[in-house]
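Data from target.cif: mmCIF, C-alpha atoms
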data_model
#
loop_
_atom_site.label_atom_id
_atom_site.label_comp_id
_atom_site.auth_asym_id
_atom_site.auth_seq_id
_atom_site.Cartn_x
_atom_site.Cartn_y
_atom_site.Cartn_z
CA MET A 1 -14.74 1.78 21.54
CA THR A 2 -14.98 0.54 25.09
CA ASP A 3 -11.31 0.23 25.94
CA ALA A 4 -8.37 1.79 24.10
CA MET A 5 -6.23 -1.33 24.54
CA THR A 6 -8.73 -3.71 22.97
CA PRO A 7 -9.10 -3.64 19.20
CA GLU A 8 -12.56 -3.47 17.70
CA ASN A 9 -13.58 -6.82 16.26
CA ILE A 10 -14.45 -5.67 12.75
CA SER A 11 -14.13 -7.86 9.71
CA VAL A 12 -11.43 -7.18 7.16
CA LEU A 13 -13.94 -6.25 4.45
CA GLU A 14 -15.67 -3.81 6.77
CA ALA A 15 -12.33 -2.20 7.62
CA LEU A 16 -11.34 -1.93 3.94
CA HIS A 17 -14.57 -0.05 3.29
CA SER A 18 -14.47 2.28 6.28
CA THR A 19 -10.96 3.65 6.68
CA PRO A 20 -10.88 7.17 5.24
CA ALA A 21 -8.09 9.65 5.94
CA ARG A 22 -8.74 11.09 9.41
CA ARG A 23 -7.39 14.61 9.71
CA TYR A 24 -9.04 15.97 12.85
CA LEU A 25 -7.08 14.32 15.63
CA SER A 26 -7.00 14.76 19.38
CA THR A 27 -3.74 15.36 21.25
CA ASP A 28 -4.44 12.42 23.56
CA PRO A 29 -1.43 10.13 23.80
CA ILE A 30 -1.39 6.67 22.22
CA PRO A 31 -0.02 3.91 24.47
CA ASP A 32 3.36 2.49 23.41
CA GLU A 33 1.88 -0.99 23.36
CA ILE A 34 -0.64 -0.01 20.74
CA ILE A 35 1.99 1.71 18.57
CA TRP A 36 3.91 -1.55 18.74
CA GLU A 37 0.88 -3.56 17.64
CA LEU A 38 0.30 -1.25 14.69
CA LEU A 39 3.89 -1.63 13.53
CA ASP A 40 3.79 -5.38 14.05
CA ALA A 41 0.85 -5.48 11.62
CA ALA A 42 2.54 -3.04 9.22
CA VAL A 43 5.69 -5.08 8.66
CA ARG A 44 3.61 -8.07 7.50
CA GLY A 45 2.97 -6.08 4.32
CA PRO A 46 4.92 -6.71 1.11
CA SER A 47 8.64 -6.07 0.81
CA GLY A 48 10.26 -6.84 -2.55
CA GLY A 49 12.33 -10.02 -2.27
CA ASN A 50 11.45 -9.87 1.47
CA SER A 51 14.47 -7.57 1.80
CA GLN A 52 12.83 -5.35 4.46
CA LEU A 53 15.38 -2.60 3.97
CA TRP A 54 13.14 -0.28 5.84
CA ALA A 55 13.06 1.75 9.04
CA TRP A 56 9.95 2.83 10.88
CA ILE A 57 10.50 6.01 12.88
CA VAL A 58 8.03 6.65 15.69
CA LEU A 59 8.20 10.39 16.13
CA ARG A 60 6.91 12.11 19.26
CA ASP A 61 9.71 14.62 19.88
CA PRO A 62 7.97 18.04 19.83
CA GLU A 63 10.95 19.94 18.40
CA LYS A 64 11.45 17.56 15.51
CA LYS A 65 7.74 17.47 14.79
CA ARG A 66 7.62 21.27 14.78
CA GLN A 67 10.49 21.49 12.28
CA ILE A 68 9.05 18.90 9.90
CA ALA A 69 5.58 20.46 10.19
CA GLN A 70 7.07 23.72 8.87
CA TRP A 71 8.43 21.87 5.86
CA TYR A 72 5.07 20.19 5.43
CA ARG A 73 3.27 23.53 5.42
CA GLU A 74 5.69 24.77 2.77
CA GLY A 75 4.69 21.84 0.58
CA TRP A 76 1.03 22.34 1.41
CA GLN A 77 1.16 26.01 0.42
CA ALA A 78 2.98 25.29 -2.82
CA VAL A 79 0.58 22.57 -3.96
CA TYR A 80 -2.77 23.40 -2.34
CA GLY A 81 -2.49 27.10 -1.52
CA PRO A 82 -3.28 28.22 -5.08
CA ARG A 83 -6.33 25.94 -5.17
CA ARG A 84 -7.96 27.31 -2.03
CA GLU A 85 -10.52 29.63 -3.57
CA LYS A 86 -11.52 27.15 -6.24
CA GLU A 87 -11.94 24.30 -3.77
CA LEU A 88 -13.91 26.36 -1.27
CA ASN A 89 -16.29 27.39 -4.04
CA GLY A 90 -16.61 23.83 -5.34
CA ASP A 91 -18.97 21.07 -4.24
CA ALA A 92 -19.57 20.19 -0.59
CA THR A 93 -17.32 17.12 -0.61
CA GLY A 94 -14.41 18.98 -2.17
CA ARG A 95 -14.82 21.85 0.27
CA ARG A 96 -14.98 19.54 3.27
CA THR A 97 -11.91 17.62 2.11
CA TYR A 98 -9.95 20.81 1.49
CA LEU A 99 -10.78 22.24 4.90
CA SER A 100 -9.85 19.02 6.66
CA ALA A 101 -6.53 18.86 4.81
CA GLU A 102 -5.90 22.50 5.67
CA HIS A 103 -6.71 21.76 9.30
CA LEU A 104 -4.20 18.91 9.26
CA ALA A 105 -1.51 21.15 7.74
CA GLU A 106 -2.09 23.76 10.43
CA HIS A 107 -2.16 21.28 13.32
CA LEU A 108 0.16 18.54 12.12
CA GLU A 109 2.47 18.66 15.13
CA ASP A 110 -0.48 18.26 17.51
CA ALA A 111 -1.00 14.64 16.43
CA PRO A 112 0.52 12.72 19.34
CA VAL A 113 2.47 10.22 17.22
CA TRP A 114 3.84 10.30 13.71
CA ILE A 115 5.12 7.28 11.86
CA ILE A 116 7.75 7.99 9.22
CA PRO A 117 8.57 4.90 7.15
CA ALA A 118 11.89 5.10 5.33
CA LEU A 119 13.77 2.92 2.87
CA LEU A 120 17.46 2.30 3.48
CA GLY A 121 19.77 2.35 0.50
CA PRO A 122 17.90 3.74 -2.52
CA GLY A 123 19.29 7.25 -2.02
CA GLU A 124 18.53 9.30 -5.10
CA SER A 125 16.29 6.63 -6.62
CA LYS A 126 14.25 7.74 -9.61
CA ASN A 127 12.24 4.51 -9.64
CA PRO A 128 8.52 5.34 -9.75
CA ARG A 129 7.74 1.86 -8.36
CA LEU A 130 10.08 2.19 -5.38
CA GLY A 131 7.06 2.46 -3.07
CA SER A 132 5.93 -1.09 -3.91
CA SER A 133 8.14 -2.17 -1.02
CA ILE A 134 6.62 0.13 1.61
CA TYR A 135 3.18 1.57 0.87
CA GLY A 136 1.41 -1.77 1.23
CA ALA A 137 2.89 -1.99 4.72
CA VAL A 138 1.82 1.61 5.41
CA GLN A 139 -1.73 0.64 4.43
CA GLN A 140 -1.53 -2.26 6.88
CA LEU A 141 -0.52 0.25 9.56
CA MET A 142 -3.53 2.43 8.85
CA LEU A 143 -5.92 -0.53 8.84
CA ALA A 144 -4.52 -1.79 12.14
CA ALA A 145 -4.94 1.73 13.54
CA ARG A 146 -8.56 1.61 12.39
CA ALA A 147 -9.10 -1.49 14.52
CA TYR A 148 -7.87 0.45 17.57
CA GLY A 149 -10.02 3.49 16.78
CA ILE A 150 -6.97 5.51 15.76
CA GLY A 151 -7.11 7.79 12.74
CA ALA A 152 -4.33 8.22 10.19
CA THR A 153 -3.51 9.88 6.87
CA LEU A 154 -0.86 9.05 4.32
CA THR A 155 0.97 12.29 3.53
CA THR A 156 4.08 13.19 1.54
CA LEU A 157 3.89 16.99 1.42
CA TYR A 158 6.97 17.40 3.67
CA SER A 159 9.09 15.52 1.13
CA GLY A 160 10.52 18.58 -0.62
CA HIS A 161 12.73 18.51 2.48
CA ASP A 162 13.44 14.79 2.48
CA LYS A 163 17.19 15.24 2.87
CA GLU A 164 16.81 17.53 5.88
CA THR A 165 14.22 15.16 7.35
CA CYS A 166 16.61 12.21 6.99
CA GLU A 167 19.31 14.24 8.73
CA LEU A 168 17.00 15.34 11.53
CA LEU A 169 16.02 11.72 12.17
CA GLY A 170 19.60 10.48 11.97
CA LEU A 171 18.87 8.10 9.11
CA PRO A 172 21.90 6.51 7.39
CA GLU A 173 23.22 7.92 4.11
CA LYS A 174 21.23 6.92 1.03
CA SER A 175 18.01 6.64 3.02
CA ILE A 176 14.79 8.13 1.77
CA THR A 177 11.70 8.88 3.83
CA MET A 178 8.60 7.64 2.04
CA ALA A 179 5.71 9.15 4.02
CA LEU A 180 4.58 10.90 7.15
CA VAL A 181 1.60 9.29 8.85
CA PRO A 182 0.14 11.33 11.73
CA LEU A 183 -1.77 9.14 14.19
CA GLY A 184 -4.35 10.18 16.76
CA TYR A 185 -7.81 9.54 18.15
CA PRO A 186 -10.29 11.28 15.84
CA VAL A 187 -12.30 14.19 17.20
CA LYS A 188 -14.42 14.89 14.11
CA GLY A 189 -15.70 12.91 11.15
CA ARG A 190 -16.46 9.20 11.10
CA TRP A 191 -15.38 5.83 9.85
CA ALA A 192 -17.34 6.11 6.63
CA GLN A 193 -16.66 4.64 3.22
CA PRO A 194 -14.35 6.88 1.16
CA LYS A 195 -16.23 8.36 -1.80
CA ARG A 196 -14.77 7.30 -5.12
CA ARG A 197 -15.56 7.49 -8.82
CA PRO A 198 -17.94 4.77 -10.05
CA LEU A 199 -16.08 1.52 -10.42
CA GLU A 200 -17.29 1.23 -14.03
CA GLU A 201 -15.15 4.25 -14.91
CA VAL A 202 -11.88 2.93 -13.53
CA VAL A 203 -12.08 -0.82 -14.14
CA HIS A 204 -11.29 -2.12 -17.62
CA TRP A 205 -11.57 -5.68 -18.87
CA ASP A 206 -8.58 -6.96 -20.89
CA ALA A 207 -7.98 -3.51 -22.41
CA TYR A 208 -8.34 0.12 -21.41
CA GLY A 209 -11.81 1.37 -22.23
CA ALA A 210 -13.35 -2.09 -22.46
CA ASN A 211 -16.41 -2.94 -20.41
CA ARG A 212 -17.10 -6.02 -18.43
CA PRO A 213 -17.75 -8.93 -20.78
CA ARG A 214 -21.35 -10.15 -21.00
CA SER A 215 -20.30 -13.72 -20.45
CA ALA A 216 -17.21 -14.74 -18.56
CA GLU A 217 -14.96 -16.71 -20.86
CA GLN A 218 -12.17 -17.70 -18.57
CA MET B 1 -13.99 -21.98 2.78
CA THR B 2 -17.50 -23.29 2.38
CA ASP B 3 -18.73 -21.20 -0.53
CA ALA B 4 -16.61 -19.22 -2.98
CA MET B 5 -19.13 -16.37 -3.11
CA THR B 6 -19.21 -15.77 0.63
CA PRO B 7 -16.24 -14.03 2.18
CA GLU B 8 -14.68 -15.49 5.28
CA ASN B 9 -15.58 -13.49 8.36
CA ILE B 10 -12.08 -12.84 9.64
CA SER B 11 -11.16 -9.78 11.64
CA VAL B 12 -9.02 -7.08 10.10
CA LEU B 13 -6.12 -7.74 12.49
CA GLU B 14 -6.19 -11.44 11.70
CA ALA B 15 -6.13 -10.68 7.96
CA LEU B 16 -3.24 -8.22 8.36
CA HIS B 17 -1.24 -10.97 10.05
CA SER B 18 -2.07 -13.81 7.68
CA THR B 19 -1.83 -12.56 4.11
CA PRO B 20 1.50 -13.69 2.66
CA ALA B 21 2.29 -13.69 -1.05
CA ARG B 22 0.60 -16.77 -2.53
CA ARG B 23 2.49 -18.04 -5.55
CA TYR B 24 1.09 -21.53 -6.14
CA LEU B 25 -2.27 -20.85 -7.73
CA SER B 26 -4.89 -23.05 -9.35
CA THR B 27 -6.23 -22.32 -12.83
CA ASP B 28 -9.82 -22.36 -11.53
CA PRO B 29 -11.72 -19.30 -12.70
CA ILE B 30 -12.72 -16.50 -10.33
CA PRO B 31 -16.31 -15.30 -10.70
CA ASP B 32 -16.72 -11.79 -12.15
CA GLU B 33 -18.76 -10.76 -9.13
CA ILE B 34 -15.88 -11.50 -6.80
CA ILE B 35 -13.37 -9.63 -8.97
CA TRP B 36 -15.74 -6.68 -8.77
CA GLU B 37 -15.90 -6.90 -4.98
CA LEU B 38 -12.11 -6.98 -4.73
CA LEU B 39 -11.78 -3.87 -6.88
CA ASP B 40 -14.54 -2.11 -4.97
CA ALA B 41 -12.48 -2.62 -1.82
CA ALA B 42 -9.24 -1.63 -3.56
CA VAL B 43 -10.39 1.81 -4.70
CA ARG B 44 -11.21 2.78 -1.10
CA GLY B 45 -7.46 2.97 -0.55
CA PRO B 46 -5.56 6.27 -0.58
CA SER B 47 -5.26 8.44 -3.68
CA GLY B 48 -3.32 11.70 -3.31
CA GLY B 49 -5.74 14.63 -3.31
CA ASN B 50 -8.42 11.99 -4.03
CA SER B 51 -7.50 12.44 -7.69
CA GLN B 52 -7.99 8.74 -8.56
CA LEU B 53 -6.09 9.10 -11.81
CA TRP B 54 -5.86 5.37 -11.98
CA ALA B 55 -7.03 2.49 -14.14
CA TRP B 56 -7.46 -1.08 -12.98
CA ILE B 57 -7.04 -3.58 -15.81
CA VAL B 58 -8.57 -7.02 -15.26
CA LEU B 59 -6.54 -9.24 -17.54
CA ARG B 60 -7.74 -12.68 -18.58
CA ASP B 61 -6.86 -12.64 -22.28
CA PRO B 62 -4.51 -15.63 -22.77
CA GLU B 63 -2.47 -14.02 -25.56
CA LYS B 64 -1.81 -10.82 -23.64
CA LYS B 65 -0.97 -12.76 -20.50
CA ARG B 66 1.46 -14.93 -22.44
CA GLN B 67 3.26 -11.91 -23.88
CA ILE B 68 3.57 -10.09 -20.55
CA ALA B 69 4.64 -13.31 -18.83
CA GLN B 70 7.60 -13.48 -21.23
CA TRP B 71 8.62 -9.97 -20.24
CA TYR B 72 8.18 -10.94 -16.61
CA ARG B 73 10.49 -13.94 -17.00
CA GLU B 74 13.08 -11.69 -18.62
CA GLY B 75 12.99 -9.50 -15.50
CA TRP B 76 13.00 -12.55 -13.24
CA GLN B 77 16.07 -13.99 -14.96
CA ALA B 78 17.95 -10.70 -14.83
CA VAL B 79 17.30 -10.11 -11.13
CA TYR B 80 16.89 -13.56 -9.58
CA GLY B 81 18.59 -15.89 -12.07
CA PRO B 82 22.10 -15.13 -10.80
CA ARG B 83 21.00 -15.73 -7.19
CA ARG B 84 19.61 -19.22 -7.77
CA GLU B 85 22.48 -21.31 -6.52
CA LYS B 86 23.06 -19.14 -3.48
CA GLU B 87 19.39 -19.13 -2.50
CA LEU B 88 18.95 -22.88 -2.96
CA ASN B 89 21.94 -23.48 -0.71
CA GLY B 90 20.71 -21.01 1.89
CA ASP B 91 18.32 -21.54 4.79
CA ALA B 92 15.01 -23.37 4.43
CA THR B 93 12.88 -20.22 4.35
CA GLY B 94 15.00 -18.58 1.67
CA ARG B 95 14.99 -21.75 -0.42
CA ARG B 96 11.24 -22.17 -0.12
CA THR B 97 10.63 -18.53 -1.03
CA TYR B 98 12.95 -18.74 -4.02
CA LEU B 99 11.31 -21.88 -5.35
CA SER B 100 7.84 -20.43 -4.97
CA ALA B 101 8.85 -17.23 -6.78
CA GLU B 102 10.45 -19.33 -9.51
CA HIS B 103 7.26 -21.37 -9.77
CA LEU B 104 5.26 -18.17 -10.17
CA ALA B 105 7.60 -16.90 -12.89
CA GLU B 106 7.26 -20.16 -14.78
CA HIS B 107 3.47 -20.37 -14.44
CA LEU B 108 2.44 -16.72 -14.32
CA GLU B 109 -0.01 -16.94 -17.22
CA ASP B 110 -1.82 -19.86 -15.58
CA ALA B 111 -3.25 -17.60 -12.87
CA PRO B 112 -6.84 -17.11 -14.03
CA VAL B 113 -6.96 -13.36 -13.43
CA TRP B 114 -4.36 -10.64 -13.31
CA ILE B 115 -4.96 -7.17 -12.01
CA ILE B 116 -2.71 -4.47 -13.49
CA PRO B 117 -3.17 -1.13 -11.73
CA ALA B 118 -1.93 1.86 -13.73
CA LEU B 119 -1.61 5.58 -13.14
CA LEU B 120 -2.80 7.94 -15.85
CA GLY B 121 -0.68 10.97 -16.59
CA PRO B 122 2.67 10.62 -14.85
CA GLY B 123 4.40 9.27 -17.96
CA GLU B 124 8.14 9.30 -17.40
CA SER B 125 7.79 10.19 -13.74
CA LYS B 126 10.99 9.89 -11.71
CA ASN B 127 9.15 10.43 -8.43
CA PRO B 128 10.11 7.66 -5.99
CA ARG B 129 6.90 8.37 -4.01
CA LEU B 130 4.61 8.05 -7.02
CA GLY B 131 3.28 4.77 -5.66
CA SER B 132 1.78 6.48 -2.59
CA SER B 133 -1.35 6.92 -4.73
CA ILE B 134 -1.76 3.27 -5.71
CA TYR B 135 0.03 0.68 -3.59
CA GLY B 136 -2.20 1.23 -0.56
CA ALA B 137 -5.15 0.42 -2.81
CA VAL B 138 -3.30 -2.64 -4.16
CA GLN B 139 -2.85 -3.82 -0.59
CA GLN B 140 -6.58 -3.39 -0.04
CA LEU B 141 -7.15 -5.58 -3.10
CA MET B 142 -4.94 -8.31 -1.71
CA LEU B 143 -6.60 -8.18 1.71
CA ALA B 144 -10.05 -8.36 0.15
CA ALA B 145 -8.86 -11.35 -1.90
CA ARG B 146 -7.72 -12.95 1.35
CA ALA B 147 -11.28 -12.71 2.66
CA TYR B 148 -12.49 -14.65 -0.39
CA GLY B 149 -9.77 -17.28 -0.07
CA ILE B 150 -7.98 -15.93 -3.14
CA GLY B 151 -4.20 -15.67 -3.20
CA ALA B 152 -2.22 -12.77 -4.67
CA THR B 153 1.29 -11.42 -5.02
CA LEU B 154 2.49 -7.89 -5.71
CA THR B 155 4.98 -8.12 -8.56
CA THR B 156 6.81 -5.60 -10.73
CA LEU B 157 9.35 -7.76 -12.58
CA TYR B 158 7.59 -7.23 -15.94
CA SER B 159 8.16 -3.49 -15.68
CA GLY B 160 11.32 -3.35 -17.79
CA HIS B 161 8.68 -3.57 -20.54
CA ASP B 162 6.26 -1.04 -19.10
CA LYS B 163 5.92 0.88 -22.36
CA GLU B 164 5.08 -2.24 -24.35
CA THR B 165 2.68 -3.35 -21.61
CA CYS B 166 0.87 0.00 -21.75
CA GLU B 167 0.60 -0.36 -25.51
CA LEU B 168 -0.65 -3.94 -25.33
CA LEU B 169 -3.35 -2.88 -22.86
CA GLY B 170 -4.33 0.19 -24.88
CA LEU B 171 -3.57 2.59 -22.04
CA PRO B 172 -3.54 6.30 -22.91
CA GLU B 173 -0.24 8.12 -23.50
CA LYS B 174 1.66 9.06 -20.36
CA SER B 175 0.25 6.12 -18.44
CA ILE B 176 2.45 3.90 -16.33
CA THR B 177 1.63 0.43 -15.07
CA MET B 178 2.49 0.10 -11.41
CA ALA B 179 2.19 -3.62 -10.69
CA LEU B 180 1.01 -7.00 -11.87
CA VAL B 181 -1.06 -8.91 -9.32
CA PRO B 182 -1.83 -12.51 -10.32
CA LEU B 183 -4.93 -13.82 -8.53
CA GLY B 184 -6.02 -17.40 -8.00
CA TYR B 185 -7.17 -19.98 -5.49
CA PRO B 186 -4.08 -21.29 -3.72
CA VAL B 187 -3.09 -24.93 -4.20
CA LYS B 188 -0.08 -25.02 -1.87
CA GLY B 189 1.05 -23.13 1.22
CA ARG B 190 -1.20 -21.51 3.81
CA TRP B 191 -2.47 -18.27 5.22
CA ALA B 192 0.36 -17.96 7.71
CA GLN B 193 1.98 -14.87 9.17
CA PRO B 194 4.77 -13.55 6.91
CA LYS B 195 8.15 -13.99 8.61
CA ARG B 196 9.89 -10.69 9.21
CA ARG B 197 12.93 -9.32 11.03
CA PRO B 198 12.37 -8.66 14.76
CA LEU B 199 10.40 -5.46 15.20
CA GLU B 200 13.11 -4.13 17.55
CA GLU B 201 15.50 -3.98 14.61
CA VAL B 202 13.31 -1.91 12.32
CA VAL B 203 11.42 0.38 14.69
CA HIS B 204 13.21 3.46 16.02
CA TRP B 205 11.92 5.93 18.57
CA ASP B 206 12.38 9.62 17.68
CA ALA B 207 15.70 8.91 15.91
CA TYR B 208 17.24 6.12 13.87
CA GLY B 209 18.99 3.64 16.15
CA ALA B 210 17.11 4.74 19.27
CA ASN B 211 15.29 2.15 21.34
CA ARG B 212 11.87 2.36 22.81
CA PRO B 213 11.91 4.79 25.74
CA ARG B 214 11.68 3.25 29.18
CA SER B 215 8.92 5.59 30.18
CA ALA B 216 6.50 7.10 27.73
CA GLU B 217 6.82 10.87 27.86
CA GLN B 218 4.17 11.90 25.41
#

Have the structure of the file written as structure tokens, please.
Amino acid sequence: MTDAMTPENISVLEALHSTPARRYLSTDPIPDEIIWELLDAAVRGPSGGNSQLWAWIVLRDPEKKRQIAQWYREGWQAVYGPRREKELNGDATGRRTYLSAEHLAEHLEDAPVWIIPALLGPGESKNPRLGSSIYGAVQQLMLAARAYGIGATLTTLYSGHDKETCELLGLPEKSITMALVPLGYPVKGRWAQPKRRPLEEVVHWDAYGANRPRSAEQ
Amino acid sequence: MTDAMTPENISVLEALHSTPARRYLSTDPIPDEIIWELLDAAVRGPSGGNSQLWAWIVLRDPEKKRQIAQWYREGWQAVYGPRREKELNGDATGRRTYLSAEHLAEHLEDAPVWIIPALLGPGESKNPRLGSSIYGAVQQLMLAARAYGIGATLTTLYSGHDKETCELLGLPEKSITMALVPLGYPVKGRWAQPKRRPLEEVVHWDAYGANRPRSAEQ
């Protein structure tokens, strides 16, 4: 990256294949203008019925970050604490991922900017597909960040304290926060392709368990 | 587009700003190799704890598409049917969007390929953030499709019949389908920037309702 204000000119396919979660972030500030550009790209993502009943909180206030980071660490401990020994004794990738996630939990408030996308209105929604109107936009945010050399991670571990988070951020009644995305310039790791299970194992043709047809019969 | 097999070399920022829902699709087939490329980009999206407990169904079977399309139209009628008159008498953008969504509902099974991403295990989940482990990947799918000149829409209107859909697709118990993404080469419309509310209305700095600070104080 030659200049923080100028996005890297990478192709969309290259970006899709090289935007892993970045969890080691510097405390260097991110210019307001860039935050704005990231959000301008985010909101072009899908919103059911184009309703856009969303709010995007840019959080830099140290006190509020500190409070939410405590809630995050509570969630982290509850979910990942018990797995520590197992993960650290597992394979290299699992160990590396665990340690980076632990680092993020311990240093969450050091990320210079957090984005907290919220939905307005659903309140106590029990709809498992509620996120279809926000997480696509969150992915757009992270891909735009990639273009500016800014790392991000989609996290939800703070959400056991969603109500308190809504209150702390002054969100209207019946709002729900959907994620916490810490942003920062990466200090470790690289823009490599996320490792995933072989595609053959997760893609099914016309029915679960069915392989790719020998001849296309469209 | 000069050659269907060669992706367009557009930058990631350009793609993020020019990938609207495309609802007028041709029946022309999509080569298997391209479907594979789209899914290979999709699975690089976020999966909580990198668990990847997902299945990606490529649906081309005409009978199964016809059945699910009926369920989709049921959902469409229930949600959008009552709004028809109001939307058609509204502003030009609203009218155009309504008519395109109605067209999609009426012609859903004509799209040559559907992608149905599912999560394995959550069953009757009431977690409103469940989609954080799939919709980012779905957005990656749609952006990769954009590069190949293929249009897509994220839809969930079939989901009143999720259980029957799971059964029809042979998904394991406790699976849940998260979306239906019809894919096809667009025959109408263009790769224009999705219209959204002014960013000032949806972005809040440190607290809901707060404007951008005059001086950055990071």

Might you pull out every residue within 7 Å of segment 151-154 of chain A, with only C-alpha atoms counted and same-chain residues fewer than 4 positions away left off, and present them as an MDAnalysis selection string? chainID A and resid 21:23 142 145:146 179:186

The PyMOL selection byres ((chain A and resi 107) around 12) on the file shown: which residues, as a ChimeraX atom specification? /A:23-27,65-66,68-70,72-73,100-106,108-112,182,184

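What separates atom CA of Ala147 of chain B from atom CA of Leu130 of chain B is a distance of 27.9 Å.
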
Take the PyMOL selection byres ((chain B and resi 12) around 6), apply it to the structure above, and return the hits as a ChimeraX atom specification. /A:11-12 /B:11,13-15

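Distance check against chain A using only C-alpha atoms: of B:Arg84, B:Lys188, B:Lys64, B:Lys126, the minimum falls on B:Lys126.
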
Suppose you want the space between atom CA of Gly81 of chain A and atom CA of Leu99 of chain A; what is it in Å? 11.6 Å

Please list as a ChimeraX atom specification every residue within 9 Å of segment 51-53 of chain A, counting all atoms listed in the file and excluding residues in the same chain fewer than 2 positions away. /A:43,46-49,55,118-121,133-134 /B:196-197,202

In Å, rounded to a single decimal, give me how far atom CA of Tyr135 of chain A is from atom CA of Ser132 of chain B. 6.2 Å

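Checking B:Gln140, B:Gln67, B:Thr165, B:Thr156 one by one against Ser18 of chain A, counting only C-alpha atoms, you find the shortest gap at B:Gln140.
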
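What the PyMOL selection byres ((chain B and resi 169) around 9) grabs from this file is Asp206, Ala207 and Tyr208 of chain A; Ile57, Leu59, Lys64, Glu164, Thr165, Cys166, Glu167, Leu168, Gly170 and Leu171 of chain B.
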
Restricting the output to C-alpha atoms, write the selected residues as a short mmCIF file (atom, residue, chain, number, x, y, z; two decimals), in the frame of the given file.
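Output (result.cif):
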data_model
loop_
_atom_site.label_atom_id
_atom_site.label_comp_id
_atom_site.auth_asym_id
_atom_site.auth_seq_id
_atom_site.Cartn_x
_atom_site.Cartn_y
_atom_site.Cartn_z
CA ASP A 206 -8.58 -6.96 -20.89
CA ALA A 207 -7.98 -3.51 -22.41
CA TYR A 208 -8.34 0.12 -21.41
CA ILE B 57 -7.04 -3.58 -15.81
CA LEU B 59 -6.54 -9.24 -17.54
CA LYS B 64 -1.81 -10.82 -23.64
CA GLU B 164 5.08 -2.24 -24.35
CA THR B 165 2.68 -3.35 -21.61
CA CYS B 166 0.87 0.00 -21.75
CA GLU B 167 0.60 -0.36 -25.51
CA LEU B 168 -0.65 -3.94 -25.33
CA GLY B 170 -4.33 0.19 -24.88
CA LEU B 171 -3.57 2.59 -22.04
#

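Shortest separation to chain B among A:Arg96, A:Lys174, A:His204, A:Lys86 occurs at residue A:His204, atoms counted being only C-alpha atoms.
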
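Nearest-residue note for Val187 of chain A: choosing from A:Ile150, A:Leu143, A:Val113, A:Val58, the minimum distance belongs to A:Ile150, counting all atoms listed in the file.
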
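Take the candidates A:His17, A:Trp76, A:Asn50, A:Glu173 and check each one against Leu157 of chain A using only C-alpha atoms; the shortest distance goes to A:Trp76.
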
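If all atoms listed in the file are the atoms counted, then among B:Ala92, B:Ile116, B:Val203, B:Ile35 the closest residue to chain A is B:Val203.
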
Which residues come within 9 Å of Lys163 of chain B, counting all atoms listed in the file, excluding same-chain residues fewer than 5 positions away, as a ChimeraX atom specification? /B:168,175-177

Could the residues in this selection be saved with C-alpha atoms as a JSON list (two decimals), in the coordinates of the input?
[["chain", "number", "residue", "atom", "x", "y", "z"],
["B", 168, "LEU", "CA", -0.65, -3.94, -25.33],
["B", 175, "SER", "CA", 0.25, 6.12, -18.44],
["B", 176, "ILE", "CA", 2.45, 3.90, -16.33],
["B", 177, "THR", "CA", 1.63, 0.43, -15.07]]
